[in-house]
Amino acid sequence: MDLDIEAAKAKLEALRSEHRDLDAVIARLAEQAPFDQLQLQRLKKRKLVLKDLITKLESQLLPDIIA
């Protein structure tokens, strides 16, 4: 069980890292005067997918609290 939790935490950190990297790439791309709108949209979509995966993994790692 601990191995699964550690693997999930490692995956979560990798996803967060990619999410941050994409954020930086998107910011740099948007600063350039003529930028590729399609590329920007694809990067933003990938960023959203990553955010969803991060949220899903976080909810699996956190114990459910039942009031």
# chains A, B, ... in the order shown; residues from 1 in each chain; ligands from 1
call {"tool": "residues_around", "arguments": {"residues": "Ala8 (chain A)", "least_positions_apart": "2", "cutoff": "9 Å", "atoms": "only C-alpha atoms", "output": "number ranges by chain"}}
result
A: 3-6, 10-13, 57-58, 60-61
call {"tool": "residues_around", "arguments": {"residues": "region 22-30 of chain A", "least_positions_apart": "5", "cutoff": "12 Å", "atoms": "only C-alpha atoms", "output": "PyMOL selection string"}}
result
chain A and resi 15-17+35-51
call {"tool": "select_by_dssp", "arguments": {"residues": "chain A", "states": "alpha helix (DSSP H)", "output": "VMD selection string"}}
result
chain A and resid 2 to 31 37 to 61
